[in-house]
$ cat structure.pdb   # PDB, C-alpha atoms
ATOM      1  CA  MET A  96      93.026  47.539 156.275
ATOM      2  CA  PRO A  97      89.384  47.706 155.115
ATOM      3  CA  ASN A  98      86.531  46.638 157.344
ATOM      4  CA  THR A  99      84.674  45.056 154.437
ATOM      5  CA  ARG A 100      84.534  41.288 154.913
ATOM      6  CA  ASP A 101      84.932  40.487 151.247
ATOM      7  CA  HIS A 102      85.243  36.861 150.212
ATOM      8  CA  GLY A 103      85.368  34.567 147.283
ATOM      9  CA  GLY A 104      82.151  32.722 146.635
ATOM     10  CA  GLY A 105      78.877  34.652 146.632
ATOM     11  CA  LEU A 106      77.782  32.878 143.487
ATOM     12  CA  ASP A 107      74.109  33.253 144.423
ATOM     13  CA  ASP A 108      74.455  37.045 144.272
ATOM     14  CA  ALA A 109      76.255  36.800 140.929
ATOM     15  CA  ILE A 110      73.401  34.696 139.529
ATOM     16  CA  LEU A 111      70.859  37.276 140.686
ATOM     17  CA  LYS A 112      72.825  40.036 138.957
ATOM     18  CA  TYR A 113      73.922  38.336 135.736
ATOM     19  CA  GLY A 114      71.364  35.564 135.295
ATOM     20  CA  GLY A 115      71.695  31.904 134.472
ATOM     21  CA  ARG A 116      71.487  28.959 136.834
ATOM     22  CA  ARG A 117      74.168  27.520 139.066
ATOM     23  CA  ILE A 118      74.816  24.728 136.572
ATOM     24  CA  ASN A 119      75.708  27.354 133.939
ATOM     25  CA  TRP A 120      78.394  28.997 136.054
ATOM     26  CA  LEU A 121      82.108  28.403 136.511
ATOM     27  CA  ASP A 122      83.075  29.630 139.979
ATOM     28  CA  LEU A 123      86.740  30.669 139.984
ATOM     29  CA  SER A 124      86.327  33.067 142.911
ATOM     30  CA  THR A 125      87.805  30.739 145.542
ATOM     31  CA  GLY A 126      91.128  28.996 146.051
ATOM     32  CA  ILE A 127      89.539  25.611 146.608
ATOM     33  CA  ASN A 128      90.912  22.639 144.674
ATOM     34  CA  PRO A 129      88.403  22.104 141.822
ATOM     35  CA  ILE A 130      89.040  18.340 141.879
ATOM     36  CA  PRO A 131      88.412  17.421 145.522
ATOM     37  CA  TYR A 132      89.628  14.415 147.398
ATOM     38  CA  PRO A 133      87.345  11.450 146.571
ATOM     39  CA  ILE A 134      85.437  10.841 149.778
ATOM     40  CA  PRO A 135      85.477   7.160 150.796
ATOM     41  CA  LYS A 136      82.389   5.318 152.001
ATOM     42  CA  VAL A 137      81.773   6.413 155.582
ATOM     43  CA  PRO A 138      80.804   3.526 157.890
ATOM     44  CA  ASN A 139      77.269   3.969 159.187
ATOM     45  CA  HIS A 140      78.220   4.119 162.849
ATOM     46  CA  PHE A 141      79.966   7.467 162.282
ATOM     47  CA  TRP A 142      76.585   8.956 161.349
ATOM     48  CA  HIS A 143      74.679   7.498 164.281
ATOM     49  CA  SER A 144      77.084   8.050 167.171
ATOM     50  CA  LEU A 145      78.815  10.943 168.882
ATOM     51  CA  PRO A 146      82.454  11.296 167.818
ATOM     52  CA  ASP A 147      84.584   8.812 169.720
ATOM     53  CA  SER A 148      88.025   9.264 171.221
ATOM     54  CA  GLN A 149      89.647   6.441 169.231
ATOM     55  CA  ALA A 150      88.681   7.987 165.878
ATOM     56  CA  GLN A 151      89.794  11.400 167.160
ATOM     57  CA  SER A 152      93.172  10.028 168.209
ATOM     58  CA  ALA A 153      93.601   8.347 164.810
ATOM     59  CA  LEU A 154      92.809  11.621 163.025
ATOM     60  CA  LEU A 155      95.193  13.678 165.156
ATOM     61  CA  SER A 156      97.922  11.060 164.774
ATOM     62  CA  ALA A 157      97.554  11.214 160.983
ATOM     63  CA  ALA A 158      97.632  15.019 161.050
ATOM     64  CA  ARG A 159     100.681  15.093 163.310
ATOM     65  CA  LYS A 160     102.557  12.732 160.994
ATOM     66  CA  PHE A 161     101.503  14.441 157.760
ATOM     67  CA  TRP A 162     102.406  17.970 158.878
ATOM     68  CA  LYS A 163     105.496  16.819 160.811
ATOM     69  CA  VAL A 164     104.389  18.400 164.073
ATOM     70  CA  PRO A 165     107.557  18.813 166.161
ATOM     71  CA  ASN A 166     108.166  17.298 169.573
ATOM     72  CA  GLY A 167     106.924  19.673 172.236
ATOM     73  CA  ALA A 168     103.919  20.813 170.179
ATOM     74  CA  ASP A 169     100.335  19.607 170.361
ATOM     75  CA  ILE A 170      97.437  19.637 167.873
ATOM     76  CA  ILE A 171      93.663  20.113 167.989
ATOM     77  CA  ALA A 172      90.968  19.602 165.352
ATOM     78  CA  SER A 173      88.134  22.091 164.928
ATOM     79  CA  SER A 174      85.131  22.808 162.753
ATOM     80  CA  GLY A 175      87.179  24.541 160.079
ATOM     81  CA  VAL A 176      89.972  27.102 160.345
ATOM     82  CA  SER A 177      87.274  29.784 160.649
ATOM     83  CA  GLN A 178      86.243  28.472 164.073
ATOM     84  CA  LEU A 179      89.831  28.776 165.251
ATOM     85  CA  ILE A 180      90.198  32.292 163.851
ATOM     86  CA  ALA A 181      87.077  33.316 165.787
ATOM     87  CA  VAL A 182      88.366  32.090 169.166
ATOM     88  CA  LEU A 183      92.051  33.075 168.980
ATOM     89  CA  PRO A 184      91.516  36.737 170.015
ATOM     90  CA  SER A 185      90.261  35.494 173.393
ATOM     91  CA  LEU A 186      93.575  33.840 174.282
ATOM     92  CA  LEU A 187      95.105  37.115 175.521
ATOM     93  CA  PRO A 188      93.782  40.321 177.111
ATOM     94  CA  VAL A 189      92.529  42.866 174.559
ATOM     95  CA  ASN A 190      95.370  44.908 173.101
ATOM     96  CA  CYS A 191      96.677  45.660 169.588
ATOM     97  CA  VAL A 192      97.246  43.128 166.809
ATOM     98  CA  GLU A 193      99.480  43.500 163.762
ATOM     99  CA  ILE A 194      98.164  41.731 160.670
ATOM    100  CA  ILE A 195     100.539  41.651 157.737
ATOM    101  CA  GLY A 196      98.432  42.539 154.725
ATOM    102  CA  PRO A 197      96.561  43.050 152.590
ATOM    103  CA  THR A 198      95.439  39.538 153.367
ATOM    104  CA  TYR A 199      92.518  37.300 154.318
ATOM    105  CA  ASN A 200      90.229  39.688 156.162
ATOM    106  CA  GLU A 201      88.592  37.345 158.699
ATOM    107  CA  HIS A 202      91.598  37.654 161.003
ATOM    108  CA  ALA A 203      91.111  41.402 161.361
ATOM    109  CA  ALA A 204      87.348  40.997 161.656
ATOM    110  CA  ALA A 205      87.721  38.460 164.476
ATOM    111  CA  PHE A 206      90.091  40.643 166.472
ATOM    112  CA  ARG A 207      87.984  43.763 165.963
ATOM    113  CA  SER A 208      84.866  41.906 167.071
ATOM    114  CA  ALA A 209      86.704  40.975 170.281
ATOM    115  CA  GLY A 210      87.608  44.630 170.947
ATOM    116  CA  TRP A 211      91.172  44.591 169.670
ATOM    117  CA  THR A 212      92.813  47.396 167.710
ATOM    118  CA  VAL A 213      94.289  46.370 164.363
ATOM    119  CA  GLY A 214      97.426  48.415 163.749
ATOM    120  CA  GLU A 215     100.918  48.466 162.268
ATOM    121  CA  THR A 216     102.404  47.053 165.474
ATOM    122  CA  GLY A 217     101.023  44.905 168.243
ATOM    123  CA  ASN A 218     101.776  42.322 170.886
ATOM    124  CA  VAL A 219     100.071  39.762 168.621
ATOM    125  CA  ARG A 220     101.082  39.266 164.984
ATOM    126  CA  VAL A 221      99.068  37.437 162.310
ATOM    127  CA  ILE A 222     100.688  36.124 159.137
ATOM    128  CA  VAL A 223      98.922  34.291 156.326
ATOM    129  CA  HIS A 224     101.583  32.009 154.864
ATOM    130  CA  PRO A 225     101.542  31.814 151.891
ATOM    131  CA  ASN A 226      99.552  34.983 151.721
ATOM    132  CA  ASN A 227      96.125  35.315 150.170
ATOM    133  CA  PRO A 228      95.838  36.851 147.572
ATOM    134  CA  ASP A 229      99.445  37.360 146.414
ATOM    135  CA  GLY A 230     101.041  34.089 147.529
ATOM    136  CA  ASN A 231     103.955  35.774 149.309
ATOM    137  CA  HIS A 232     105.918  33.772 151.872
ATOM    138  CA  HIS A 233     106.668  36.126 154.757
ATOM    139  CA  LEU A 234     109.968  35.418 156.457
ATOM    140  CA  ILE A 235     109.951  34.855 160.214
ATOM    141  CA  SER A 236     113.126  35.360 162.247
ATOM    142  CA  THR A 237     114.035  34.077 165.681
ATOM    143  CA  GLN A 238     113.774  37.652 166.911
ATOM    144  CA  ASP A 239     110.191  37.902 165.626
ATOM    145  CA  VAL A 240     109.252  34.957 167.799
ATOM    146  CA  LYS A 241     111.015  36.332 170.880
ATOM    147  CA  ASP A 242     109.567  39.854 170.595
ATOM    148  CA  THR A 243     105.884  38.934 170.213
ATOM    149  CA  ASP A 244     103.443  37.619 172.826
ATOM    150  CA  LEU A 245     101.712  35.526 170.170
ATOM    151  CA  ILE A 246     102.298  34.790 166.477
ATOM    152  CA  ILE A 247      99.423  33.247 164.513
ATOM    153  CA  ILE A 248     100.493  31.695 161.199
ATOM    154  CA  ASP A 249      97.634  30.744 158.885
ATOM    155  CA  GLU A 250      98.886  28.015 156.536
ATOM    156  CA  SER A 251      95.553  27.230 154.873
ATOM    157  CA  PHE A 252      97.240  27.347 151.442
ATOM    158  CA  CYS A 253     100.626  25.884 152.378
ATOM    159  CA  ASP A 254      99.965  22.262 151.431
ATOM    160  CA  VAL A 255     100.858  22.973 147.791
ATOM    161  CA  THR A 256     104.293  24.169 149.008
ATOM    162  CA  PRO A 257     104.963  21.894 151.993
ATOM    163  CA  ASP A 258     108.670  22.700 152.204
ATOM    164  CA  ALA A 259     107.795  26.313 153.071
ATOM    165  CA  THR A 260     105.862  25.433 156.232
ATOM    166  CA  LEU A 261     106.769  27.150 159.496
ATOM    167  CA  ILE A 262     105.367  24.321 161.607
ATOM    168  CA  ASN A 263     108.797  23.816 163.186
ATOM    169  CA  LEU A 264     108.198  27.038 165.162
ATOM    170  CA  THR A 265     105.299  25.526 167.083
ATOM    171  CA  ASN A 266     107.563  24.078 169.746
ATOM    172  CA  GLN A 267     107.863  27.695 170.941
ATOM    173  CA  ASN A 268     105.331  28.758 173.570
ATOM    174  CA  ASN A 269     103.952  31.708 171.558
ATOM    175  CA  VAL A 270     103.384  30.337 168.033
ATOM    176  CA  ILE A 271     100.156  28.910 166.600
ATOM    177  CA  VAL A 272     100.000  27.411 163.088
ATOM    178  CA  LEU A 273      96.607  26.877 161.459
ATOM    179  CA  LYS A 274      95.961  24.095 158.929
ATOM    180  CA  GLY A 275      92.878  22.805 157.163
ATOM    181  CA  LEU A 276      91.414  20.402 154.622
ATOM    182  CA  GLY A 277      89.287  22.981 152.812
ATOM    183  CA  LYS A 278      91.744  24.241 150.205
ATOM    184  CA  PHE A 279      94.267  21.635 148.962
ATOM    185  CA  TRP A 280      91.911  18.692 149.510
ATOM    186  CA  GLY A 281      88.949  20.701 148.189
ATOM    187  CA  LEU A 282      86.809  19.689 151.170
ATOM    188  CA  ALA A 283      85.628  23.113 152.331
ATOM    189  CA  GLY A 284      82.210  21.698 153.193
ATOM    190  CA  LEU A 285      83.748  19.165 155.568
ATOM    191  CA  ARG A 286      84.632  21.991 157.983
ATOM    192  CA  LEU A 287      87.829  20.484 159.310
ATOM    193  CA  GLY A 288      90.679  22.655 160.557
ATOM    194  CA  PHE A 289      93.622  22.224 162.918
ATOM    195  CA  ALA A 290      95.717  24.319 165.267
ATOM    196  CA  VAL A 291      99.276  23.322 166.147
ATOM    197  CA  ALA A 292     100.934  24.974 169.151
ATOM    198  CA  ALA A 293     102.486  24.413 172.554
ATOM    199  CA  PRO A 294     100.329  22.254 174.873
ATOM    200  CA  GLU A 295      99.343  25.211 177.085
ATOM    201  CA  LEU A 296      97.991  27.120 174.072
ATOM    202  CA  ILE A 297      96.201  24.057 172.721
ATOM    203  CA  LYS A 298      94.514  23.577 176.108
ATOM    204  CA  LYS A 299      93.239  27.172 176.008
ATOM    205  CA  ILE A 300      91.903  26.677 172.479
ATOM    206  CA  THR A 301      90.304  23.349 173.447
ATOM    207  CA  ASP A 302      88.505  25.022 176.354
ATOM    208  CA  ARG A 303      86.996  27.515 173.880
ATOM    209  CA  VAL A 304      85.922  25.189 171.049
ATOM    210  CA  GLY A 305      84.480  22.631 173.459
ATOM    211  CA  PRO A 306      83.930  18.876 173.075
ATOM    212  CA  TRP A 307      82.939  17.277 169.801
ATOM    213  CA  ALA A 308      84.207  20.209 167.761
ATOM    214  CA  ILE A 309      84.123  18.003 164.675
ATOM    215  CA  SER A 310      81.803  15.236 163.537
ATOM    216  CA  GLY A 311      82.485  11.514 163.331
ATOM    217  CA  PRO A 312      82.352  11.535 159.515
ATOM    218  CA  ALA A 313      84.906  14.374 159.522
ATOM    219  CA  GLN A 314      87.181  12.263 161.712
ATOM    220  CA  PHE A 315      86.969   9.340 159.293
ATOM    221  CA  ILE A 316      87.302  11.361 156.063
ATOM    222  CA  GLY A 317      90.078  13.525 157.490
ATOM    223  CA  GLN A 318      92.206  10.543 158.459
ATOM    224  CA  ALA A 319      91.735   9.007 155.015
ATOM    225  CA  ALA A 320      92.663  12.242 153.227
ATOM    226  CA  LEU A 321      95.766  12.897 155.317
ATOM    227  CA  THR A 322      97.152   9.401 154.734
ATOM    228  CA  ASP A 323      96.483   9.050 150.983
ATOM    229  CA  ASN A 324     100.020   9.802 149.854
ATOM    230  CA  SER A 325      99.449   8.756 146.241
ATOM    231  CA  TRP A 326      96.582  11.226 145.807
ATOM    232  CA  ILE A 327      98.555  13.982 147.540
ATOM    233  CA  ILE A 328     101.604  13.591 145.270
ATOM    234  CA  LYS A 329      99.552  13.431 142.068
ATOM    235  CA  THR A 330      97.417  16.394 143.096
ATOM    236  CA  ARG A 331     100.380  18.644 143.843
ATOM    237  CA  SER A 332     101.819  17.892 140.415
ATOM    238  CA  HIS A 333      98.479  18.423 138.657
ATOM    239  CA  LEU A 334      97.819  21.746 140.407
ATOM    240  CA  ARG A 335     101.316  22.985 139.583
ATOM    241  CA  GLU A 336     100.865  22.211 135.896
ATOM    242  CA  ASN A 337      97.475  23.902 135.773
ATOM    243  CA  SER A 338      98.584  27.029 137.637
ATOM    244  CA  LEU A 339     101.274  27.519 134.989
ATOM    245  CA  ARG A 340      98.708  26.834 132.296
ATOM    246  CA  LEU A 341      96.430  29.509 133.715
ATOM    247  CA  ASP A 342      99.253  32.070 133.847
ATOM    248  CA  ASN A 343     100.122  31.400 130.215
ATOM    249  CA  LEU A 344      96.480  31.730 129.159
ATOM    250  CA  MET A 345      95.911  34.974 131.052
ATOM    251  CA  MET A 346      99.165  36.522 129.794
ATOM    252  CA  LYS A 347      98.073  35.783 126.239
ATOM    253  CA  TYR A 348      95.205  38.227 126.772
ATOM    254  CA  GLY A 349      97.291  40.973 128.373
ATOM    255  CA  ASN A 350      96.913  40.125 132.072
ATOM    256  CA  LYS A 351     100.076  40.353 134.179
ATOM    257  CA  PRO A 352     100.688  37.598 136.764
ATOM    258  CA  LEU A 353     101.402  39.013 140.227
ATOM    259  CA  GLY A 354     101.714  35.762 142.145
ATOM    260  CA  GLY A 355      99.440  33.421 144.029
ATOM    261  CA  THR A 356      99.701  29.731 144.798
ATOM    262  CA  ASP A 357      98.950  26.597 142.817
ATOM    263  CA  LEU A 358      95.359  26.919 144.070
ATOM    264  CA  PHE A 359      94.740  30.484 142.882
ATOM    265  CA  ARG A 360      96.461  33.084 140.719
ATOM    266  CA  LEU A 361      96.515  36.882 141.018
ATOM    267  CA  TYR A 362      96.658  39.170 137.972
ATOM    268  CA  GLU A 363      97.080  42.867 137.334
ATOM    269  CA  VAL A 364      94.402  44.097 134.948
ATOM    270  CA  GLU A 365      93.520  47.557 133.669
ATOM    271  CA  ASN A 366      90.208  47.656 135.530
ATOM    272  CA  ALA A 367      89.339  44.820 137.912
ATOM    273  CA  THR A 368      85.616  45.575 138.123
ATOM    274  CA  LYS A 369      85.327  45.766 134.356
ATOM    275  CA  ALA A 370      87.257  42.508 133.934
ATOM    276  CA  GLN A 371      85.090  40.746 136.511
ATOM    277  CA  ASN A 372      81.914  42.005 134.835
ATOM    278  CA  ALA A 373      83.078  40.865 131.409
ATOM    279  CA  LEU A 374      83.760  37.341 132.643
ATOM    280  CA  ALA A 375      80.548  37.274 134.670
ATOM    281  CA  LYS A 376      78.522  38.022 131.530
ATOM    282  CA  ASN A 377      79.921  34.709 130.319
ATOM    283  CA  PHE A 378      78.939  33.057 133.607
ATOM    284  CA  ILE A 379      82.439  32.952 135.097
ATOM    285  CA  TRP A 380      82.777  34.304 138.622
ATOM    286  CA  THR A 381      86.118  35.716 139.835
ATOM    287  CA  ARG A 382      87.464  37.641 142.812
ATOM    288  CA  ILE A 383      88.240  41.346 143.118
ATOM    289  CA  PHE A 384      89.338  43.306 146.182
ATOM    290  CA  PRO A 385      88.144  46.512 147.878
ATOM    291  CA  TYR A 386      91.727  47.729 148.320
ATOM    292  CA  SER A 387      92.815  47.432 144.666
ATOM    293  CA  ASN A 388      91.302  48.605 141.386
ATOM    294  CA  ASN A 389      93.635  46.387 139.365
ATOM    295  CA  TRP A 390      93.768  43.001 141.100
ATOM    296  CA  LEU A 391      91.804  40.072 139.719
ATOM    297  CA  ARG A 392      92.105  36.623 141.299
ATOM    298  CA  LEU A 393      91.167  33.356 139.626
ATOM    299  CA  GLY A 394      90.996  29.845 140.957
ATOM    300  CA  ILE A 395      92.167  26.922 138.816
ATOM    301  CA  PRO A 396      89.727  25.362 136.293
ATOM    302  CA  GLY A 397      89.167  21.691 136.981
ATOM    303  CA  THR A 398      88.084  20.175 133.650
ATOM    304  CA  GLU A 399      88.803  20.687 129.964
ATOM    305  CA  ALA A 400      85.250  21.986 129.539
ATOM    306  CA  GLN A 401      85.976  24.640 132.161
ATOM    307  CA  TRP A 402      89.225  25.614 130.439
ATOM    308  CA  ALA A 403      87.332  25.964 127.162
ATOM    309  CA  LYS A 404      84.675  28.104 128.845
ATOM    310  CA  LEU A 405      87.345  30.464 130.212
ATOM    311  CA  LEU A 406      89.112  30.655 126.847
ATOM    312  CA  ASN A 407      85.878  31.508 125.065
ATOM    313  CA  ALA A 408      85.110  34.234 127.605
ATOM    314  CA  LEU A 409      88.560  35.798 127.238
ATOM    315  CA  GLU A 410      88.151  35.839 123.465
ATOM    316  CA  ALA A 411      84.669  37.384 123.615
TER     317      ALA A 411
END

$ encode --input "structure.pdb" --output "structure tokens"
Amino acid sequence: MPNTRDHGGGLDDAILKYGGRRINWLDLSTGINPIPYPIPKVPNHFWHSLPDSQAQSALLSAARKFWKVPNGADIIASSGVSQLIAVLPSLLPVNCVEIIGPTYNEHAAAFRSAGWTVGETGNVRVIVHPNNPDGNHHLISTQDVKDTDLIIIDESFCDVTPDATLINLTNQNNVIVLKGLGKFWGLAGLRLGFAVAAPELIKKITDRVGPWAISGPAQFIGQAALTDNSWIIKTRSHLRENSLRLDNLMMKYGNKPLGGTDLFRLYEVENATKAQNALAKNFIWTRIFPYSNNWLRLGIPGTEAQWAKLLNALEA
């Protein structure tokens, strides 16, 4: 697996290279919902006070109910899934970790930074579920759980396919499932992530992230987002329709769909760098990967003007 910590985003660098201003660009390089959850008015006291335990309990209760956290498992909120990824390598003595990939590279980077070896086998296994960038759902067996000291399951993109969740495994003493509000809810800037695991593991994680890991406004907004069932249902339907629409549009211009989720789509193209450059000249930023010359990933356009911009660029 490559050491390069490649990511979506990086629009500032694209602007420096290709020109234009941020307002001119359509950023399709991430898998963030382009139509984010409408943030409600945050009461003033959340801005002026330290996070309180009642608001934290309300948030965690909403998260537990929404994700159907099983009996015997506990949950913690953190400043984004990234904070959790950074601390998880410290839960066990340094050894070897297996990361099923190619996948989101911050898991490997975090373990390497903590002195771990990333290999084909290990006493810790990391699975991104569904996977980024291909959307695969890796199957987990009972034997997998028994044979591994720790299994970390990153479900950052699973809220568009809730029936596929592996959260039921978190009543085991060696399984951690990661969740967040950055992707499906489109609230990446809120920095709100969750870990679900056995109480002993959650205590270890809590000791590492410390008190007040999230802000009061994040507590309030997170609870609202997790309990807005009408918005959740409508958004899943809308994203599904638009992911199919994007596949049909890209196939029309000779790009082969390889998978993805309803938040991003992966295509096989003749030359990924060339395809990215061509779209960037039309101020559309996409995602390519250091381990493939033919993979191009696009997020979902959010408005009809954005769809028209993409169509015009493909026809150019």

$ closest_residue --input "structure.pdb" --among "A:Thr322, A:Asn190, A:Thr237, A:Ser332" --to "A:Thr256" --atoms "all atoms listed in the file"
A:Ser332

$ residues_around --input "structure.pdb" --residues "stretch 177-186 of chain A" --least-positions-apart "6" --cutoff "9 Å" --atoms "all atoms listed in the file" --output "list in words"
Glu201, His202, Ala204, Ala205, Phe206, Arg207, Ser208, Ala209, Gly210, Trp211, Ile247, Leu273, Arg286, Gly288, Phe289, Ala290, Leu296, Lys299, Ile300, Arg303 and Val304 of chain A

$ residues_around --input "structure.pdb" --residues "A:Trp402" --least-positions-apart "5" --cutoff "12 Å" --atoms "only C-alpha atoms" --output "PDB file with C-alpha atoms, in the frame of the given file"
ATOM      1  CA  LEU A 121      82.108  28.403 136.511  1.00  0.00           C
ATOM      2  CA  LEU A 123      86.740  30.669 139.984  1.00  0.00           C
ATOM      3  CA  PRO A 129      88.403  22.104 141.822  1.00  0.00           C
ATOM      4  CA  ASN A 337      97.475  23.902 135.773  1.00  0.00           C
ATOM      5  CA  SER A 338      98.584  27.029 137.637  1.00  0.00           C
ATOM      6  CA  ARG A 340      98.708  26.834 132.296  1.00  0.00           C
ATOM      7  CA  LEU A 341      96.430  29.509 133.715  1.00  0.00           C
ATOM      8  CA  LEU A 344      96.480  31.730 129.159  1.00  0.00           C
ATOM      9  CA  MET A 345      95.911  34.974 131.052  1.00  0.00           C
ATOM     10  CA  ILE A 379      82.439  32.952 135.097  1.00  0.00           C
ATOM     11  CA  GLY A 394      90.996  29.845 140.957  1.00  0.00           C
ATOM     12  CA  ILE A 395      92.167  26.922 138.816  1.00  0.00           C
ATOM     13  CA  PRO A 396      89.727  25.362 136.293  1.00  0.00           C
ATOM     14  CA  GLY A 397      89.167  21.691 136.981  1.00  0.00           C
ATOM     15  CA  ASN A 407      85.878  31.508 125.065  1.00  0.00           C
ATOM     16  CA  ALA A 408      85.110  34.234 127.605  1.00  0.00           C
ATOM     17  CA  LEU A 409      88.560  35.798 127.238  1.00  0.00           C
TER      18      LEU A 409
END

$ atom_distance --input "structure.pdb" --atom1 "atom CA of A:Val176" --atom2 "atom CA of A:Ile130"
20.5 Å

$ residues_around --input "structure.pdb" --residues "stretch 164-169 of chain A" --least-positions-apart "3" --cutoff "6 Å" --atoms "only C-alpha atoms" --output "list in words"
Arg159, Asn263, Thr265, Asn266, Val291, Ala292, Ala293 and Pro294 of chain A

$ residues_near_point --input "structure.pdb" --point "(93.2, 50.5, 141.8)" --cutoff "9 Å" --atoms "all atoms listed in the file" --output "PyMOL selection string"
chain A and resi 365-367+385-390

$ closest_residue --input "structure.pdb" --among "A:Thr368, A:Asn268, A:Asn119, A:Ser251" --to "A:Ala283" --atoms "only C-alpha atoms"
A:Ser251

$ atom_distance --input "structure.pdb" --atom1 "atom CA of A:Pro131" --atom2 "atom CA of A:Asp323"
12.8 Å
